[in-house]
$ cat run_28.cif   # mmCIF, C-alpha atoms and all ligand atoms
data_my_file
#
loop_
_atom_site.label_atom_id
_atom_site.label_comp_id
_atom_site.auth_asym_id
_atom_site.auth_seq_id
_atom_site.Cartn_x
_atom_site.Cartn_y
_atom_site.Cartn_z
CA MET D 197 -12.36 -11.81 26.63
CA PHE D 198 -10.87 -12.73 23.23
CA LEU D 199 -7.50 -13.74 24.62
CA LYS D 200 -6.74 -17.39 24.10
CA LYS D 201 -3.32 -18.31 25.48
CA ASN D 202 -1.99 -15.21 27.15
CA ASN D 203 -3.83 -12.92 29.45
CA LEU D 204 -1.92 -9.90 28.14
CA PRO D 205 -3.27 -6.38 28.46
CA ILE D 206 -2.88 -5.87 24.71
CA LEU D 207 -5.66 -6.44 22.20
CA ASN D 208 -3.95 -5.79 18.87
CA GLU D 209 -4.23 -8.56 16.27
CA GLY D 210 -2.04 -11.61 16.73
CA TYR D 211 -1.04 -11.24 20.38
CA ASP D 212 -3.36 -14.00 21.51
CA GLN D 213 -1.65 -16.61 19.38
CA TYR D 214 2.03 -15.99 18.76
CA PRO D 215 5.09 -15.54 20.91
CA PRO D 216 6.28 -11.99 20.24
CA ILE D 217 9.39 -11.09 18.21
CA ASP D 218 12.33 -9.89 20.32
CA PHE D 219 14.61 -8.36 17.68
CA GLY D 220 15.63 -8.42 14.02
CA LEU D 221 18.91 -8.34 12.13
CA GLY D 222 19.28 -8.53 8.34
CA SER D 223 16.91 -11.16 7.00
CA LYS D 224 16.31 -12.79 10.40
CA ILE D 225 14.01 -12.26 13.34
CA TYR D 226 14.62 -13.68 16.80
CA ILE D 227 11.94 -15.15 19.02
CA LYS D 228 13.01 -16.51 22.41
CA LYS D 229 16.64 -16.74 21.21
CA LYS D 230 15.60 -18.81 18.17
CA LYS D 231 16.44 -17.47 14.70
CA TYR D 232 13.86 -17.42 11.89
CA ILE D 233 13.94 -16.16 8.29
CA ASP D 234 11.58 -13.20 8.11
CA LEU D 235 9.22 -13.72 5.17
CA SER D 236 7.18 -10.63 5.98
CA PHE D 237 9.64 -7.79 6.69
CA CYS D 238 6.90 -5.86 8.47
CA SER D 239 4.43 -6.56 5.64
CA GLY D 240 6.85 -5.28 3.02
CA VAL D 241 8.33 -2.30 4.87
CA MET D 242 11.94 -3.34 5.49
CA LEU D 243 13.21 -3.63 1.92
CA LEU D 244 16.81 -3.36 3.12
CA GLY D 245 16.32 -5.88 5.93
CA HIS D 246 16.35 -5.25 9.67
CA GLN D 247 18.88 -2.82 11.15
CA SER D 248 20.38 -1.87 7.77
CA ASN D 249 23.32 0.52 7.77
CA ILE D 250 21.06 3.20 6.29
CA PHE D 251 18.60 2.82 9.16
CA ARG D 252 21.30 2.69 11.88
CA ASN D 253 23.13 5.74 10.55
CA ALA D 254 19.88 7.67 10.20
CA VAL D 255 18.95 6.91 13.81
CA LYS D 256 22.44 8.00 14.97
CA ASN D 257 22.07 11.23 12.97
CA ILE D 258 18.71 11.94 14.56
CA VAL D 259 20.49 12.19 17.90
CA LYS D 260 23.53 14.02 16.47
CA LYS D 261 21.47 16.61 14.57
CA LYS D 262 19.01 17.08 17.45
CA ILE D 263 16.10 16.14 15.23
CA SER D 264 13.14 16.09 17.56
CA ILE D 265 9.46 15.74 16.82
CA PHE D 266 7.57 18.99 16.38
CA GLY D 267 3.98 18.59 15.21
CA SER D 268 4.77 21.68 13.09
CA PRO D 269 6.24 22.30 9.63
CA ASN D 270 9.86 21.12 9.51
CA THR D 271 12.67 21.09 6.94
CA TYR D 272 12.79 17.27 6.85
CA ALA D 273 9.27 16.87 5.44
CA ILE D 274 9.96 19.54 2.82
CA LYS D 275 13.16 17.78 1.72
CA PHE D 276 11.32 14.45 1.54
CA SER D 277 8.56 15.94 -0.63
CA LYS D 278 11.26 17.15 -3.06
CA THR D 279 12.73 13.64 -3.19
CA LEU D 280 9.27 12.20 -3.92
CA LYS D 281 8.82 14.68 -6.75
CA LYS D 282 11.86 13.09 -8.43
CA ILE D 283 10.87 9.48 -7.78
CA ILE D 284 7.12 9.64 -8.45
CA PRO D 285 7.06 12.68 -10.74
CA ASN D 286 3.50 12.67 -12.15
CA TYR D 287 2.14 14.50 -9.13
CA SER D 288 2.18 18.12 -8.11
CA LYS D 289 1.57 17.77 -4.35
CA TYR D 290 2.26 15.19 -1.64
CA ILE D 291 0.46 14.88 1.69
CA PHE D 292 2.19 12.96 4.48
CA THR D 293 0.17 10.89 6.94
CA SER D 294 1.09 8.52 9.75
CA SER D 295 -0.16 5.30 8.14
CA GLY D 296 -1.42 3.86 4.90
CA SER D 297 -4.97 3.67 6.21
CA GLU D 298 -4.89 7.36 7.07
CA ALA D 299 -3.65 8.16 3.55
CA ILE D 300 -6.53 6.10 2.16
CA TYR D 301 -9.32 7.72 4.18
CA LYS D 302 -7.97 11.20 3.53
CA SER D 303 -7.80 10.56 -0.21
CA ILE D 304 -11.39 9.28 -0.14
CA ARG D 305 -12.21 12.61 1.55
CA ILE D 306 -10.63 14.45 -1.41
CA CYS D 307 -12.75 12.39 -3.82
CA LYS D 308 -15.94 13.21 -1.93
CA ALA D 309 -15.07 16.92 -1.68
CA LEU D 310 -14.41 17.19 -5.41
CA THR D 311 -17.19 15.01 -6.83
CA LYS D 312 -19.90 15.30 -4.10
CA LYS D 313 -20.72 11.68 -4.97
CA ASN D 314 -21.01 8.74 -2.61
CA ILE D 315 -20.06 5.44 -4.20
CA ILE D 316 -16.60 3.93 -3.90
CA ILE D 317 -15.71 1.23 -6.39
CA ALA D 318 -13.23 -1.33 -5.07
CA CYS D 319 -11.94 -4.59 -6.54
CA SER D 320 -12.61 -8.03 -5.14
CA GLY D 321 -9.57 -9.43 -3.34
CA SER D 322 -8.18 -6.03 -2.42
CA TRP D 323 -6.95 -4.81 0.94
CA HIS D 324 -6.86 -1.08 1.65
CA GLY D 325 -6.23 -1.00 5.38
CA SER D 326 -8.49 -0.28 8.28
CA SER D 327 -10.47 2.83 7.36
CA ASP D 328 -14.20 2.28 7.95
CA LYS D 329 -15.12 3.04 4.35
CA LEU D 330 -13.02 0.21 2.97
CA LEU D 331 -13.07 -2.43 5.68
CA PHE D 332 -15.07 -4.84 3.53
CA GLY D 333 -14.40 -7.97 1.56
CA ALA D 334 -16.48 -9.16 -1.39
CA ASN D 335 -18.44 -12.40 -1.31
CA LYS D 336 -18.98 -14.61 -4.37
CA ASN D 337 -21.77 -12.33 -5.60
CA LEU D 338 -19.54 -9.28 -5.08
CA ASN D 339 -21.63 -8.09 -2.14
CA PRO D 340 -19.66 -6.33 0.62
CA ILE D 341 -19.00 -8.23 3.83
CA SER D 342 -17.92 -6.13 6.84
CA LEU D 343 -14.54 -7.19 8.16
CA SER D 344 -15.20 -5.63 11.56
CA ALA D 345 -18.03 -4.93 13.91
CA GLY D 346 -18.85 -1.25 14.28
CA ILE D 347 -18.90 -0.35 10.58
CA SER D 348 -21.88 1.77 9.54
CA LYS D 349 -24.59 0.66 7.15
CA TYR D 350 -24.00 3.86 5.16
CA ASP D 351 -20.44 2.75 4.36
CA LYS D 352 -21.65 -0.73 3.44
CA ASN D 353 -24.29 0.66 1.08
CA ASN D 354 -21.78 2.91 -0.62
CA ILE D 355 -19.08 0.45 -1.56
CA LYS D 356 -19.53 -1.61 -4.72
CA PHE D 357 -17.14 -4.31 -5.80
CA ILE D 358 -15.98 -5.13 -9.30
CA PRO D 359 -14.12 -8.37 -10.02
CA TYR D 360 -10.38 -7.64 -10.21
CA ASN D 361 -8.90 -8.36 -13.63
CA ASN D 362 -12.28 -9.03 -15.27
CA ILE D 363 -13.05 -6.23 -17.72
CA PHE D 364 -16.33 -7.63 -19.01
CA LYS D 365 -18.06 -7.97 -15.63
CA SER D 366 -16.47 -4.82 -14.23
CA LYS D 367 -17.80 -2.78 -17.14
CA GLN D 368 -21.37 -3.93 -16.47
CA ILE D 369 -21.18 -2.85 -12.82
CA LEU D 370 -19.41 0.41 -13.58
CA GLU D 371 -21.98 1.33 -16.24
CA LYS D 372 -24.79 0.78 -13.72
CA PHE D 373 -23.32 3.15 -11.12
CA LYS D 374 -21.24 5.52 -13.23
CA ASN D 375 -23.12 8.72 -12.31
CA LYS D 376 -22.81 8.12 -8.56
CA ILE D 377 -19.17 7.08 -8.31
CA LYS D 378 -16.66 9.28 -6.49
CA CYS D 379 -13.65 7.06 -7.11
CA ILE D 380 -12.33 3.74 -8.28
CA ILE D 381 -9.69 2.44 -5.89
CA VAL D 382 -7.40 -0.36 -7.00
CA GLU D 383 -4.26 -2.12 -5.87
CA PRO D 384 -2.56 -2.38 -9.29
CA ILE D 385 -0.97 -5.67 -8.23
CA GLN D 386 -2.90 -7.26 -5.41
CA GLY D 387 -0.95 -8.23 -2.32
CA GLY D 388 -3.52 -10.99 -1.74
CA LEU D 389 -2.98 -12.62 -5.16
CA PRO D 390 0.03 -11.08 -6.90
CA VAL D 391 -0.25 -12.06 -10.57
CA GLU D 392 0.49 -9.99 -13.66
CA LYS D 393 -1.41 -11.75 -16.45
CA GLY D 394 -4.07 -9.49 -17.95
CA VAL D 395 -3.50 -6.76 -15.37
CA LYS D 396 -2.17 -4.07 -17.73
CA LYS D 397 -5.28 -4.35 -19.91
CA PHE D 398 -7.53 -4.21 -16.84
CA LEU D 399 -5.80 -1.13 -15.44
CA LYS D 400 -5.87 0.60 -18.84
CA PHE D 401 -9.61 -0.11 -18.96
CA LEU D 402 -10.11 1.46 -15.51
CA GLU D 403 -8.02 4.46 -16.57
CA SER D 404 -10.04 5.11 -19.72
CA PHE D 405 -13.41 4.43 -18.05
CA SER D 406 -12.67 6.90 -15.25
CA LYS D 407 -11.41 9.55 -17.64
CA LYS D 408 -14.47 9.21 -19.85
CA ASN D 409 -16.88 9.40 -16.92
CA ASN D 410 -15.15 12.01 -14.77
CA ILE D 411 -14.39 9.52 -12.01
CA ILE D 412 -11.27 9.82 -9.86
CA LEU D 413 -8.86 6.91 -10.33
CA LEU D 414 -7.07 6.13 -7.07
CA PHE D 415 -4.11 3.74 -7.07
CA ASP D 416 -3.24 2.05 -3.79
CA GLU D 417 0.49 1.47 -4.17
CA MET D 418 1.12 0.78 -0.51
CA ILE D 419 2.82 -2.52 -1.36
CA THR D 420 4.00 -1.88 -4.93
CA GLY D 421 5.38 1.66 -4.38
CA LEU D 422 9.19 1.59 -4.56
CA ARG D 423 9.00 -2.22 -4.47
CA ILE D 424 8.59 -2.55 -8.26
CA ASP D 425 12.21 -2.14 -9.28
CA GLY D 426 12.59 1.04 -7.24
CA PHE D 427 9.68 2.75 -8.97
CA SER D 428 5.97 1.89 -8.89
CA ALA D 429 3.34 -0.25 -10.57
CA GLN D 430 1.94 2.80 -12.36
CA LYS D 431 5.30 3.36 -14.05
CA TYR D 432 5.60 -0.35 -14.88
CA PHE D 433 2.13 -0.45 -16.48
CA ASN D 434 2.27 3.12 -17.81
CA ILE D 435 -0.92 4.34 -16.13
CA LYS D 436 -1.51 7.84 -14.79
CA PRO D 437 -3.93 7.76 -11.84
CA ASP D 438 -5.36 11.03 -10.48
CA ILE D 439 -4.40 10.20 -6.91
CA SER D 440 -2.04 7.56 -5.54
CA VAL D 441 -1.32 6.45 -2.03
CA PHE D 442 2.00 5.08 -0.87
CA GLY D 443 3.51 4.11 2.48
CA LYS D 444 5.33 1.11 3.92
CA CYS D 445 8.93 1.08 2.60
CA PHE D 446 8.91 4.85 1.91
CA GLY D 447 9.18 5.29 5.70
CA GLY D 448 12.35 3.18 5.92
CA GLY D 449 11.02 1.54 9.10
CA MET D 450 9.09 4.51 10.48
CA PRO D 451 5.29 4.90 10.29
CA ILE D 452 4.20 6.71 7.13
CA GLY D 453 1.54 7.19 4.50
CA ILE D 454 1.72 9.43 1.42
CA ILE D 455 -1.06 10.84 -0.74
CA ALA D 456 0.12 12.03 -4.16
CA ILE D 457 -2.28 14.22 -6.15
CA ASN D 458 -1.85 15.24 -9.75
CA ASN D 459 -2.09 18.79 -11.00
CA ASN D 460 -5.65 18.40 -12.21
CA ILE D 461 -6.86 17.34 -8.76
CA TYR D 462 -4.82 20.08 -7.11
CA LYS D 463 -6.28 22.71 -9.44
CA LYS D 464 -9.80 21.48 -8.65
CA ILE D 465 -9.12 21.74 -4.92
CA GLN D 466 -7.92 25.31 -5.40
CA LYS D 467 -10.70 26.28 -7.79
CA ASN D 468 -13.43 25.03 -5.47
CA ASN D 469 -11.58 26.65 -2.58
CA SER D 470 -12.19 23.28 -0.93
CA LYS D 471 -10.86 23.28 2.61
CA ILE D 472 -9.92 19.64 2.97
CA PHE D 473 -8.46 18.75 6.34
CA PHE D 474 -5.18 16.81 6.17
CA GLY D 475 -3.71 17.50 9.60
CA GLY D 476 -2.52 15.23 12.39
CA THR D 477 -0.01 15.38 15.26
CA PHE D 478 2.38 12.97 13.56
CA SER D 479 1.61 13.91 9.92
CA ALA D 480 4.75 14.98 8.03
CA ASN D 481 6.75 14.33 11.18
CA SER D 482 10.47 14.97 11.09
CA MET D 483 11.63 11.48 12.12
CA SER D 484 9.61 9.52 9.55
CA SER D 485 10.53 12.16 6.94
CA TYR D 486 14.26 12.01 7.72
CA ILE D 487 14.60 8.21 7.87
CA GLY D 488 12.11 7.83 5.01
CA ARG D 489 14.01 10.23 2.75
CA LEU D 490 17.44 8.67 3.37
CA THR D 491 16.06 5.16 2.78
CA THR D 492 14.07 6.16 -0.30
CA GLU D 493 17.05 7.99 -1.83
CA TYR D 494 19.35 5.05 -1.13
CA ILE D 495 16.91 2.59 -2.72
CA ALA D 496 16.34 4.86 -5.73
CA ASN D 497 20.06 5.52 -6.26
CA ASN D 498 20.93 1.82 -6.06
CA ARG D 499 17.76 0.43 -7.59
CA LYS D 500 19.46 -1.72 -10.25
CA LYS D 501 21.70 -3.52 -7.77
CA ILE D 502 19.06 -3.85 -5.03
CA PHE D 503 16.23 -5.15 -7.18
CA LYS D 504 18.41 -7.53 -9.17
CA LEU D 505 19.20 -9.16 -5.82
CA ILE D 506 15.68 -9.01 -4.33
CA ASN D 507 13.99 -10.25 -7.51
CA SER D 508 16.45 -13.12 -8.03
CA LYS D 509 16.11 -14.23 -4.39
CA SER D 510 12.32 -14.09 -4.78
CA ASN D 511 12.46 -16.22 -7.93
CA PHE D 512 14.73 -18.73 -6.20
CA PHE D 513 12.30 -18.96 -3.28
CA VAL D 514 9.19 -19.26 -5.47
CA ASN D 515 10.72 -21.86 -7.82
CA ASN D 516 11.98 -24.08 -5.03
CA LEU D 517 8.86 -23.77 -2.93
CA SER D 518 6.66 -24.58 -5.95
CA LYS D 519 8.83 -27.64 -6.65
CA PHE D 520 8.55 -28.77 -3.02
CA ILE D 521 4.77 -28.30 -3.05
CA LYS D 522 4.43 -30.29 -6.26
CA GLU D 523 6.71 -33.11 -5.17
CA ASN D 524 4.91 -33.45 -1.84
CA LYS D 525 1.43 -33.05 -3.36
CA ILE D 526 0.55 -30.23 -0.97
CA ASN D 527 -2.75 -28.54 -1.67
CA CYS D 528 -1.56 -24.99 -2.20
CA GLY D 529 -0.20 -22.59 -4.76
CA VAL D 530 2.54 -19.97 -4.78
CA TYR D 531 1.84 -16.75 -6.63
CA ASN D 532 4.20 -13.87 -7.19
CA PHE D 533 4.84 -10.66 -9.02
CA LYS D 534 8.53 -9.94 -8.57
CA SER D 535 9.19 -9.91 -4.79
CA ILE D 536 5.51 -9.83 -3.83
CA ILE D 537 4.78 -13.45 -2.98
CA ARG D 538 1.68 -15.15 -1.61
CA ILE D 539 1.23 -18.77 -0.61
CA ILE D 540 -2.41 -19.76 -0.89
CA PHE D 541 -3.73 -22.97 0.64
CA SER D 542 -6.66 -24.19 -1.41
CA LYS D 543 -8.33 -26.25 1.32
C1 LIG I 601 -2.48 -2.37 -0.27
C2 LIG I 601 -2.58 -1.79 1.11
N1 LIG I 601 -3.27 -0.67 1.30
C3 LIG I 601 -3.37 -0.10 2.51
C4 LIG I 601 -2.76 -0.65 3.61
C5 LIG I 601 -2.89 0.00 4.95
O1 LIG I 601 -1.68 0.53 5.39
P1 LIG I 601 -1.39 0.66 6.95
O2 LIG I 601 -1.34 -0.72 7.52
O3 LIG I 601 -0.08 1.40 7.01
O4 LIG I 601 -2.50 1.46 7.55
C6 LIG I 601 -2.04 -1.84 3.46
C7 LIG I 601 -1.40 -2.49 4.62
O5 LIG I 601 -1.11 -3.63 4.66
C8 LIG I 601 -1.93 -2.42 2.18
O6 LIG I 601 -1.25 -3.56 1.98
#

$ encode --input "run_28.cif" --output "structure tokens" --more "lines below"
Ligand SMILES: Cc1ncc(COP(=O)(O)O)c(C=O)c1O
Amino acid sequence: MFLKKNNLPILNEGYDQYPPIDFGLGSKIYIKKKKYIDLSFCSGVMLLGHQSNIFRNAVKNIVKKKISIFGSPNTYAIKFSKTLKKIIPNYSKYIFTSSGSEAIYKSIRICKALTKKNIIIACSGSWHGSSDKLLFGANKNLNPISLSAGISKYDKNNIKFIPYNNIFKSKQILEKFKNKIKCIIVEPIQGGLPVEKGVKKFLKFLESFSKKNNIILLFDEMITGLRIDGFSAQKYFNIKPDISVFGKCFGGGMPIGIIAINNNIYKKIQKNNSKIFFGGTFSANSMSSYIGRLTTEYIANNRKKIFKLINSKSNFFVNNLSKFIKENKINCGVYNFKSIIRIIFSK
């Protein structure tokens, strides 16, 4: 068995090493009655903190309004799609999924259906969740390394990495494969190394290369969506991807993934009469849609106030941590783009 300390009947990541969290309130989590500052907030989901008033009232309303779960079309998902249309307006259709990874693998399915091509281009240092087609890291030579056992050789052969934020080297690789590429997937700001310098130029390059070569540009805004001042990285950098995927904080604490497709992609799907399967028991479910919509609308309506606070707290944290690291000669660096912060130990 893999279990190290506890012989628990659960095999999800992390349970072999850490005592589990008991509950959360505001910016704190509680483990065995001890209080800790939560630096993760469910990997960027709980933008308003734990047990926010928005979340608590939404949960109360779920009971009051008899909102159950249906596995069928419901008014809550429709209302949420209309909210998304206002907040991320460059898209004509939205597809709800139960997780970010599901949104990713279903958008890769769209790319395959529309282009009939096989190669996915990803950037070194990216993370796109646990779908088989993207569960790879890049080694120093940009060759894919499987991050799990059980991944097929076909998937390994069909992912090619370009170096994030390096136009010169990326261009060479893209030119080599350009006729076989179904999509370029990129985290506009990488959660693994969130820095802004040079990124706009790099993203603009990817946008123009894909347009010129009829390649689908897919933005993974799972972390950046809503988190960049209540909008998105694509708005911040003024880029118009063909497809974008969102998730995390859009669910307000409930599981969610969102695929947003622009009109061009939608027209192609219709023209080819492509029957692309998007279904799932919990896709577009009423509870995620209801809590997600109320949270998203609250964040969007109060974006100035919320992000002034979040961004200034993030700067305070980064500045003081950097100072502490320097003064104590600790071998690590702190990187951030607004509230997206990563501490990287160099040894
Ligand atoms: C950039 C990015 N893409 C995709 C995912 C996958 O989302 P999920 O964990 O909801 O499947 C994550 C999750 O951490 C992510 O950070």

$ residues_near_point --input "run_28.cif" --point "(14.7, -2.0, 1.3)" --cutoff "8 Å" --atoms "only C-alpha atoms" --output "ChimeraX atom specification"
/D:241-245,445,448,491,495,502

$ write_last_selection --input "run_28.cif" --atoms "C-alpha atoms" --output "PDB file, in the frame of the given file"
ATOM      1  CA  VAL D 241       8.330  -2.300   4.870  1.00  0.00           C
ATOM      2  CA  MET D 242      11.940  -3.340   5.490  1.00  0.00           C
ATOM      3  CA  LEU D 243      13.210  -3.630   1.920  1.00  0.00           C
ATOM      4  CA  LEU D 244      16.810  -3.360   3.120  1.00  0.00           C
ATOM      5  CA  GLY D 245      16.320  -5.880   5.930  1.00  0.00           C
ATOM      6  CA  CYS D 445       8.930   1.080   2.600  1.00  0.00           C
ATOM      7  CA  GLY D 448      12.350   3.180   5.920  1.00  0.00           C
ATOM      8  CA  THR D 491      16.060   5.160   2.780  1.00  0.00           C
ATOM      9  CA  ILE D 495      16.910   2.590  -2.720  1.00  0.00           C
ATOM     10  CA  ILE D 502      19.060  -3.850  -5.030  1.00  0.00           C
TER      11      ILE D 502
END

$ atom_distance --input "run_28.cif" --atom1 "CA of Thr492 in chain D" --atom2 "CA of Asn460 in chain D"
26.1 Å

$ residues_around --input "run_28.cif" --residues "Ser482 in chain D" --least-positions-apart "2" --cutoff "10 Å" --atoms "all atoms listed in the file" --output "VMD selection string"
chain D and resid 258 263 to 274 276 478 to 480 484 to 488

$ atom_distance --input "run_28.cif" --atom1 "CA of Arg538 in chain D" --atom2 "CA of Ile284 in chain D"
26.3 Å

$ closest_residue --input "run_28.cif" --among "D:Val514, D:Ile363, D:Ile358, D:Met418" --to "ligand LIG 601 (chain I)" --atoms "only C-alpha atoms and all ligand atoms"
D:Met418

$ axis_aligned_box --input "run_28.cif" --around "ligand LIG 601 (chain I)" --padding-each-side "5 Å" --output "JSON"
{"center_x": -1.7, "center_y": -1.1, "center_z": 3.6, "size_x": 13.3, "size_y": 15.1, "size_z": 17.8}

$ atom_distance --input "run_28.cif" --atom1 "CA of Phe237 in chain D" --atom2 "CA of Val255 in chain D"
18.8 Å

$ residues_near_ligand --input "run_28.cif" --ligand "ligand LIG 601 (chain I)" --cutoff "7 Å" --atoms "only C-alpha atoms and all ligand atoms" --output "ChimeraX atom specification"
/D:239,295-298,300,323-326,383,387,416-419,443-444,452-453

$ closest_residue --input "run_28.cif" --among "D:Ser277, D:Asp328, D:Lys467, D:Phe474" --to "Lys289 in chain D" --atoms "all atoms listed in the file"
D:Ser277

$ residues_around --input "run_28.cif" --residues "Phe473 in chain D" --least-positions-apart "6" --cutoff "10 Å" --atoms "all atoms listed in the file" --output "list in words"
Lys302, Arg305 and Ile306 of chain D

$ closest_residue --input "run_28.cif" --among "D:Ile291, D:Ala496, D:Ala254, D:Val441" --to "Gly426 in chain D" --atoms "only C-alpha atoms"
D:Ala496

$ residues_around --input "run_28.cif" --residues "range 518-527 of chain D" --least-positions-apart "5" --cutoff "10 Å" --atoms "only C-alpha atoms" --output "PyMOL selection string"
chain D and resi 512-513+539-543

$ closest_residue --input "run_28.cif" --among "D:Lys356, D:Lys261, D:Lys224, D:Lys504" --to "Ile315 in chain D" --atoms "all atoms listed in the file"
D:Lys356

$ closest_residue --input "run_28.cif" --among "D:Ser294, D:Leu310, D:Gly394, D:Cys238" --to "Lys463 in chain D" --atoms "only C-alpha atoms"
D:Leu310

$ residues_around --input "run_28.cif" --residues "Lys400 in chain D" --least-positions-apart "4" --cutoff "8 Å" --atoms "all atoms listed in the file" --output "PDB file with C-alpha atoms, in the coordinates of the input"
ATOM      1  CA  LYS D 396      -2.170  -4.070 -17.730  1.00  0.00           C
ATOM      2  CA  SER D 404     -10.040   5.110 -19.720  1.00  0.00           C
ATOM      3  CA  ILE D 435      -0.920   4.340 -16.130  1.00  0.00           C
TER       4      ILE D 435
END

$ closest_residue --input "run_28.cif" --among "D:Lys312, D:Lys509, D:Lys376, D:His246" --to "Gly220 in chain D" --atoms "all atoms listed in the file"
D:His246
